[in-house]
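Working notes, structure below.
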Amino acid sequence: MTARIMEVLFATRTAWAVLAALIVGSVLILAGGGDPIEAYRTLFGEAFFDRFGFGTTLVKMSPILLAGLAVVIPLRAGLFNVGGEGQLYMGALFSSIAALYLPQMHWALHLTLCVLAGMAGGALWALIPALLKAYRGINEVIVTLLLNYIAIHLVSYAAGGPMMEEGAPYPYSTEIPLDLMLPLILLPTDAHAGVLVGVVLALVLYVSMRYTSFGFAMNTVGFNPRAAEYAGINVRRQMVLAMIIGGALAGLAGTFEVLGVKYRLFQNFSNGYGFDGIVAAFMAAANPIFVPLSALFLAGLKAGAQLMQRATGVESTVVDAIQGLVVMFVAASLALRFQDTIWAQILAKRRDNEAVIERKKSNA
Amino acid sequence: MPYITIDRVTKSFGTFKALDLVSIGIQKGAIHAILGENGAGKSTLMNILYGLYQPDEGEIRINDTPLNLNSPRDAIASGIGMIHQHFMLVESLTVMENVIMGLVRGARTIDIAFHEKRIREMSASFGFDLDPTAPIWTLPMGLRQRVEIIKALYRNAEVLILDEPTSVLAPGEINSFIAGIRKLRDAGHTILFITHKLEEVMQVADFVTVMRHGKVVHEAEAASTNTRELARWMVGRDVVFELKNRELLQKGVSGEAADVLTVEGLVAVNYRGIRALDDVSFTVRAGEILGISGVDGNGQKELAEAIAGLRPILAGRIVVDNRDVASLDVKARISDARIAFVPEDRQSQGLVLDYPVAFNMVLRSYDRPPASRRGVLDFAAIRKLGSDLARKYDVRLRSVDQLARFLSGGNQQKIILAREIEAKPRLLVVMQACKGLDVGAIEFVQNTILELKAKGVAVLYVSTELEHVLDVSDRIAIMFRGRITGLLNRDEATTQRIGELMAGIDSGVAA
């Protein structure tokens with residue numbers, strides 16, 4: 001019985017870590033002169049239980065979810081993709097080019113091409129670090145990180161240069177055709193269908209990681225590349241594939257920002273969704289099925305922050321600090337290994353004892 | 001009276017006696033080699049001398065004063081320094097920074113110029129030619145080793161323990177290494193030199209102690225012995241030719257048995273790019289077990305990996321069942337050529353420790369039925385296969401969902417064997433199949449391999465443990481420096497002859 005409870009507590013450790021972060025965060029709210037309970041009530045109440053607030057949450061959830069998956073898949077192959085932000089920008093760039101400059105055609109075909117172009121843009125941006133890692137052993141963390149800035153500036157150039165709308169007050173492109181805009185799902189809010197696609201993809205990826213030989217190969221590479229090689233898996237190809245899939249997912253996040261939210265290519269449009277994706281991936285313990293949950297939570301924090309500031313006067317930057325606390329607590333909780341804990345040793349002893357007792361009983 | 005006295009030291013790990021009443025006297029200002037095969041207890045002894053382990057019984061004395069070494073710090077304080085086989089250096093820091101690391105404690109300033117000058121002088125006095133300002137990562141292995149030596153000397157070490165010092169060096173670096181430790185000896189330092197390489201012992205050592213199975217079996221002055229004698233002591237003259245499966249073995253190999261594996265002119269390099277296989281050729285027939293013996297690091301690992309497809313070859317042919325497999329990738333060699341491979345490193349290569357036992361059982365067949373169909377894993381089939389094999393091969397576990405990490409070494413090895421044997425191979429390459437296993441597990445492993453032989457599988461049995469090779473092999477090939485120096489039939493394979501071939505002595509027919 002005790003064992004059962006401990007196992008449940010351990011399995012849900014991420015949730016406890018989030019709770020602990022929120023408790024520590026309440027100290028920050030107190031320091032900022034607010035009432036923590038009131039602040040959290042406003043924050044989560046507005047973000048999840050108000051139609052408009054929830055719409056805003058869903059709008060933010062879409063890119064965080066996809067960017068989170070973009071981190072999870074490479075992580076399964078043992079690679080850390082911190083380039084989600086750049087891949088997201090490249091996805092937005094490619095899809096807006098496809099949206100604005102392709103010849104007239106049926107909208108469904110055009111939309112498909114836009115989505116494929118966006119995914120290709122992100123995949124291309126992930127292919128560079130993937131090849132450098134797989135064939136030259138160059139650290140993918142550094143390359144993906146630095147490529148972020150190149151992508152952001154490329155978009156700034158495109159949105160402020162060749163693609164800029166004439167007479168625009170700010171670097172942005174012309175608006176995409178009306179029939180390319182993603183359907184809205186929670187009228188009258190801005191929530192668009194991208195978030196549904198994200199949830200479906202999370203399910204698909206969960207299934208393929210867990211139940212297919214493709215996923216088995218990917219996981220094996222992540223756990224032990226030498227054993228993977230010995231098992232006949234092409235380790236380099238798996239690494240490249242994992243990064244490409246990740247990049248394509250991040251590219252899709254950028255695509256949906258263009259097709260679902262902004263309807264244009266804006267300079268600096270993302271404000272860090274790619275990096276939020278890293279947090280989402282870690283909160284989900286690199287399991288695709290949990291990424292929608294962690295993305296929903298993070299998106300809710302962001303959406304609720306503004307409203308909390310208005311309602312309680314607590315600075316919305318406190319929420320950034322709380323997000324940081326969440327990262328730290330979750331990371332610490334994931335570092336726990338069940339077998340290493342004192343509890344596990346105690347439980348193992350109990351199990352041994354019980355086994356002996358069982359044997360004695362059956363002998364008697 | 002010896003300078004250091006190791007007096008009746010015994011050390012056990014569980015039921016395994018790593019050291020059994022070991023007594024050695026070491027003279028001051030001498031180079032003393034401790035020679036022995038892997039697992040002879042050399043490293044355990046040195047770790048005791050360096051304070052990493054405490055002996056169960058016995059004691060260590062310096063100048064007749066008993067030492068109580070509870071940690072490396074105590075050893076350093078007693079003037080004992082150790083140079084590990086794998087260097088303990090921070091690659092991004094400079095030579096000087098590595099040498100003084102941990103010496104200056106608290107919030108004091110470091111006189112960089114002073115330390116650099118001292119290190120420069122110290123290294124010049126031994127002809128070490130080190131630049132204190134060079135970052136470690138820019139240095140070749142030979143120089144890194146000198147940094148380790150200077151590190152010990154900087155802490156006033158009188159006694160230097162060198163653990164397999166030449167194993168990481170390129171061939172060209174060995175001579176200057178030898179010159180270096182001679183200079184250290186001439187400056188009055190005492191050097192303990194752990195090795196399994198006979199020539200080096202003869203080149204540099206003043207005294208030799210040969211260890212075997214945790215015991216001292218022979219002591220000599222280097223001047224009064226020779227490599228042949230040392231090889232015999234190291235390999236052991238007491239090898240028992242007792243066979244547990246005599247009837248299986250005595251069947252021998254039928255005259256008509258077809259060649260399964262033919263290796264011709266194989267050339268390959270090791271992970272450091274040094275040629276590890278030099279024109280290797282041999283044949284293994286169906287139902288034959290060819291033992292590959294030799295001192296560790298003479299190309300056996302590279303040979304096994306090249307055949308399994310894990311190491312690219314530079315020249316030569318690998319023919320399995322009349323088909324050149326050299327161009328096939330690992331997957332094709334598993335499923336088409338039917339080459340099974342039990343790697344030396346079971347934990348980091350043979351298994352995914354964080355996978356359940358059942359997954360490990362299908363590690364090399366996960367993409368084929370019954371483990372998966374059309375790319376979809378069949379968990380039920382995998383678990384059934386896993387538990388069937390676990391039962392058949394007597395793997396002790398609670399459930400097939402248990403992670404491989406939590407099984408004992410013997411049970412882990414059984415998982416690998418079960419998987420490789422059940423793949424119905426034409427050729428089985430086994431490396432160090434019995435390393436670290438207890439007697440019961442060894443017998444099980446050997447019997448399993450002999451049964452496979454009886455079914456007509458060709459087996460390449462690679463091991464540094466000569467008894468095990470003699471136990472099962474029909475013929476024995478001995479490797480030395482990437483070449484096969486001898487190919488003996490069972491009845492010609494005396495330990496003396498094998499010892500000589502292992503040491504690279506070619507006495508031809510005269511032996």
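In the structure tokens, the first chain shown is A, the next is B, and so on; residue numbers restart at 1 for each chain, and ligands run from 1 in the order shown.
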Applying 12 Å and only C-alpha atoms, which residues near Gly410 in chain B remain after dropping the ones on its own chain fewer than 5 positions away? List them as a PyMOL selection string. chain B and resi 346-347+393-397+404+415-417+433-445
I want to know what sits within 10 Å of Leu69 in chain B, based on only C-alpha atoms, with residues of the same chain fewer than 4 positions away left out; could you give that as an NGL selection string? :B and (48-55 or 59-60 or 73-78)
Set out as JSON lines a contact list for chain A and chain B with a cut-off of 9 Å, giving each residue of chain A that qualifies its closest atom pair and distance in Å to one decimal, counting only C-alpha atoms, ordered by chain and rising residue number.
```
{"residue": "A:Ser208", "atom": "CA", "partner": "B:Val376", "partner_atom": "CA", "distance": 8.4}
{"residue": "A:Arg210", "atom": "CA", "partner": "B:Leu377", "partner_atom": "CA", "distance": 8.4}
{"residue": "A:Tyr211", "atom": "CA", "partner": "B:Leu377", "partner_atom": "CA", "distance": 5.3}
{"residue": "A:Thr212", "atom": "CA", "partner": "B:Val376", "partner_atom": "CA", "distance": 4.2}
{"residue": "A:Ser213", "atom": "CA", "partner": "B:Gly375", "partner_atom": "CA", "distance": 5.1}
{"residue": "A:Phe214", "atom": "CA", "partner": "B:Gly375", "partner_atom": "CA", "distance": 6.8}
{"residue": "A:Phe216", "atom": "CA", "partner": "B:Tyr366", "partner_atom": "CA", "distance": 7.7}
{"residue": "A:Ala217", "atom": "CA", "partner": "B:Tyr366", "partner_atom": "CA", "distance": 8.5}
{"residue": "A:Thr220", "atom": "CA", "partner": "B:Val352", "partner_atom": "CA", "distance": 7.2}
{"residue": "A:Phe223", "atom": "CA", "partner": "B:Val352", "partner_atom": "CA", "distance": 6.7}
{"residue": "A:Asn224", "atom": "CA", "partner": "B:Val352", "partner_atom": "CA", "distance": 6.1}
{"residue": "A:Pro225", "atom": "CA", "partner": "B:Gln349", "partner_atom": "CA", "distance": 8.4}
{"residue": "A:Arg226", "atom": "CA", "partner": "B:Gln349", "partner_atom": "CA", "distance": 5.3}
{"residue": "A:Ala227", "atom": "CA", "partner": "B:Gln349", "partner_atom": "CA", "distance": 4.3}
{"residue": "A:Ala228", "atom": "CA", "partner": "B:Gln349", "partner_atom": "CA", "distance": 8.0}
{"residue": "A:Glu229", "atom": "CA", "partner": "B:Leu310", "partner_atom": "CA", "distance": 7.4}
{"residue": "A:Tyr230", "atom": "CA", "partner": "B:Gln349", "partner_atom": "CA", "distance": 6.8}
{"residue": "A:Ala231", "atom": "CA", "partner": "B:Arg364", "partner_atom": "CA", "distance": 4.5}
{"residue": "A:Gly232", "atom": "CA", "partner": "B:Lys331", "partner_atom": "CA", "distance": 4.2}
{"residue": "A:Ile233", "atom": "CA", "partner": "B:Lys331", "partner_atom": "CA", "distance": 7.0}
{"residue": "A:Asn234", "atom": "CA", "partner": "B:Lys331", "partner_atom": "CA", "distance": 8.7}
```
Select, from B:Pro66, B:Gly36, B:Gly291, B:Gly297, the residue with the minimum atom-to-atom distance to Leu488 in chain B, counting only C-alpha atoms. B:Gly291
Using only C-alpha atoms, which residues sit within 12 Å of range 4-8 of chain B once same-chain residues fewer than 3 positions away are excluded, as a PyMOL selection string? chain B and resi 1+11+19-30+32+45-46+48-49+55-67+78-80+158-160+190-192+214-216
As an MDAnalysis selection string, please: the residues near Met361 in chain B (cut-off 8 Å, only C-alpha atoms, same-chain neighbours under 6 positions excluded). chainID B and resid 385:386 389 415:416 418:419
Given the selection you just returned, output its residues as a file containing N, CA and C atoms, formatted as a PDB file, in the first residue's frame.
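again_18.pdb, written as the output of this step:
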```
ATOM      1  N   LEU B 385       8.181 -13.582 -26.023  1.00  0.00           N
ATOM      2  CA  LEU B 385       9.512 -14.002 -26.441  1.00  0.00           C
ATOM      3  C   LEU B 385      10.507 -13.777 -25.305  1.00  0.00           C
ATOM      4  N   GLY B 386      10.404 -12.594 -24.686  1.00  0.00           N
ATOM      5  CA  GLY B 386      11.312 -12.264 -23.589  1.00  0.00           C
ATOM      6  C   GLY B 386      11.215 -13.261 -22.462  1.00  0.00           C
ATOM      7  N   LEU B 389      12.571 -16.772 -23.502  1.00  0.00           N
ATOM      8  CA  LEU B 389      14.033 -16.836 -23.534  1.00  0.00           C
ATOM      9  C   LEU B 389      14.618 -16.757 -22.129  1.00  0.00           C
ATOM     10  N   ILE B 415      21.213 -12.570 -21.158  1.00  0.00           N
ATOM     11  CA  ILE B 415      20.262 -11.915 -22.075  1.00  0.00           C
ATOM     12  C   ILE B 415      20.895 -11.799 -23.454  1.00  0.00           C
ATOM     13  N   ILE B 416      22.139 -11.338 -23.465  1.00  0.00           N
ATOM     14  CA  ILE B 416      22.815 -11.132 -24.751  1.00  0.00           C
ATOM     15  C   ILE B 416      22.984 -12.470 -25.465  1.00  0.00           C
ATOM     16  N   ALA B 418      21.279 -15.228 -25.064  1.00  0.00           N
ATOM     17  CA  ALA B 418      19.981 -15.747 -25.491  1.00  0.00           C
ATOM     18  C   ALA B 418      19.580 -15.080 -26.798  1.00  0.00           C
ATOM     19  N   ARG B 419      19.697 -13.776 -26.849  1.00  0.00           N
ATOM     20  CA  ARG B 419      19.290 -13.031 -28.034  1.00  0.00           C
ATOM     21  C   ARG B 419      20.112 -13.453 -29.249  1.00  0.00           C
TER      22      ARG B 419
END
```
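Here CA of Val472 in chain B stands at a distance of 22.8 Å from CA of Ala306 in chain B.
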Give me the residues near range 321-327 of chain B as an MDAnalysis selection string, where near means some atom within 9 Å (using only C-alpha atoms) and where sequence neighbours in that chain fewer than 6 positions away do not count. chainID B and resid 258:262 306:307 309 312:313 333 337 426
Please, what distance in Å, to one decimal, runs between CA of Ala253 in chain A and CA of Ile289 in chain A? 17.4 Å
Can you list, as number ranges by chain, every residue of range 126-212 of chain A that DSSP puts in alpha helix (DSSP H)? A: 126-136, 140-160, 194-211
Print the selection's residues with C-alpha atoms to a file, as a compact mmCIF listing (two decimals), in the first residue's frame.
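Result file follows (result.txt):
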```
# COMPACT_ATOMS: atom_id res chain seq x y z
CA ALA A 126 17.17 22.06 -38.19
CA LEU A 127 18.96 20.12 -40.92
CA ILE A 128 22.04 22.33 -40.62
CA PRO A 129 22.80 21.49 -36.97
CA ALA A 130 21.69 17.89 -37.56
CA LEU A 131 24.22 17.28 -40.30
CA LEU A 132 26.95 19.07 -38.39
CA LYS A 133 26.21 16.94 -35.34
CA ALA A 134 25.81 13.58 -37.06
CA TYR A 135 28.76 13.83 -39.42
CA ARG A 136 31.12 16.23 -37.68
CA GLU A 140 23.98 20.86 -31.62
CA VAL A 141 23.07 23.07 -28.68
CA ILE A 142 25.40 25.82 -29.77
CA VAL A 143 24.54 25.59 -33.45
CA THR A 144 20.78 25.58 -32.94
CA LEU A 145 21.03 28.42 -30.45
CA LEU A 146 23.04 30.62 -32.76
CA LEU A 147 20.92 29.82 -35.80
CA ASN A 148 17.98 31.32 -33.86
CA TYR A 149 19.42 34.78 -34.23
CA ILE A 150 20.18 34.36 -37.90
CA ALA A 151 16.59 33.30 -38.52
CA ILE A 152 15.14 36.16 -36.48
CA HIS A 153 17.22 38.66 -38.44
CA LEU A 154 16.41 37.03 -41.75
CA VAL A 155 12.73 37.55 -40.98
CA SER A 156 13.41 41.13 -39.91
CA TYR A 157 15.10 41.69 -43.24
CA ALA A 158 12.29 40.08 -45.21
CA ALA A 159 9.52 41.81 -43.29
CA GLY A 160 11.26 45.19 -43.40
CA GLY A 194 -3.73 25.31 -35.09
CA VAL A 195 -4.05 24.19 -31.50
CA LEU A 196 -6.21 21.23 -32.56
CA VAL A 197 -3.62 20.21 -35.12
CA GLY A 198 -1.01 20.42 -32.39
CA VAL A 199 -2.97 18.14 -30.07
CA VAL A 200 -3.53 15.61 -32.86
CA LEU A 201 0.17 15.67 -33.72
CA ALA A 202 1.08 15.13 -30.07
CA LEU A 203 -1.07 12.00 -30.09
CA VAL A 204 0.37 10.78 -33.38
CA LEU A 205 3.92 11.32 -32.14
CA TYR A 206 3.17 9.61 -28.85
CA VAL A 207 1.88 6.55 -30.67
CA SER A 208 4.74 6.43 -33.14
CA MET A 209 7.37 6.87 -30.44
CA ARG A 210 5.89 4.15 -28.31
CA TYR A 211 4.35 1.60 -30.64
```
I want to know what sits within 10 Å of Ile97 in chain A, based on only C-alpha atoms, with residues of the same chain fewer than 2 positions away left out; could you give that as a PyMOL selection string? chain A and resi 91-95+99-102+114+117-118+158+163+173+176+265
Take CA of Ala123 in chain A and CA of His106 in chain A and report the distance between them in Å, one decimal. 25.6 Å
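Distances here use only C-alpha atoms; by that measure, the residue among B:Arg285, B:Lys301, B:Arg391, B:Arg398 closest to Leu427 in chain B is B:Arg285.
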Neighbouring residues of Thr174 in chain A were defined as those with any atom within 7 Å, considering only C-alpha atoms; residues of the same chain fewer than 2 positions away were excluded. Please report them as a PyMOL selection string. chain A and resi 164-165+172+176+264
Which of range 70-169 of chain B DSSP labels strand (DSSP E or B), written as a PyMOL selection string: chain B and resi 80-83+94+135+159-163
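Of the residues listed (A:Ala281, A:Val258, A:Ala242, A:Val314), A:Val258 shows the shortest atom-to-atom separation from Val115 in chain A; distances use only C-alpha atoms.
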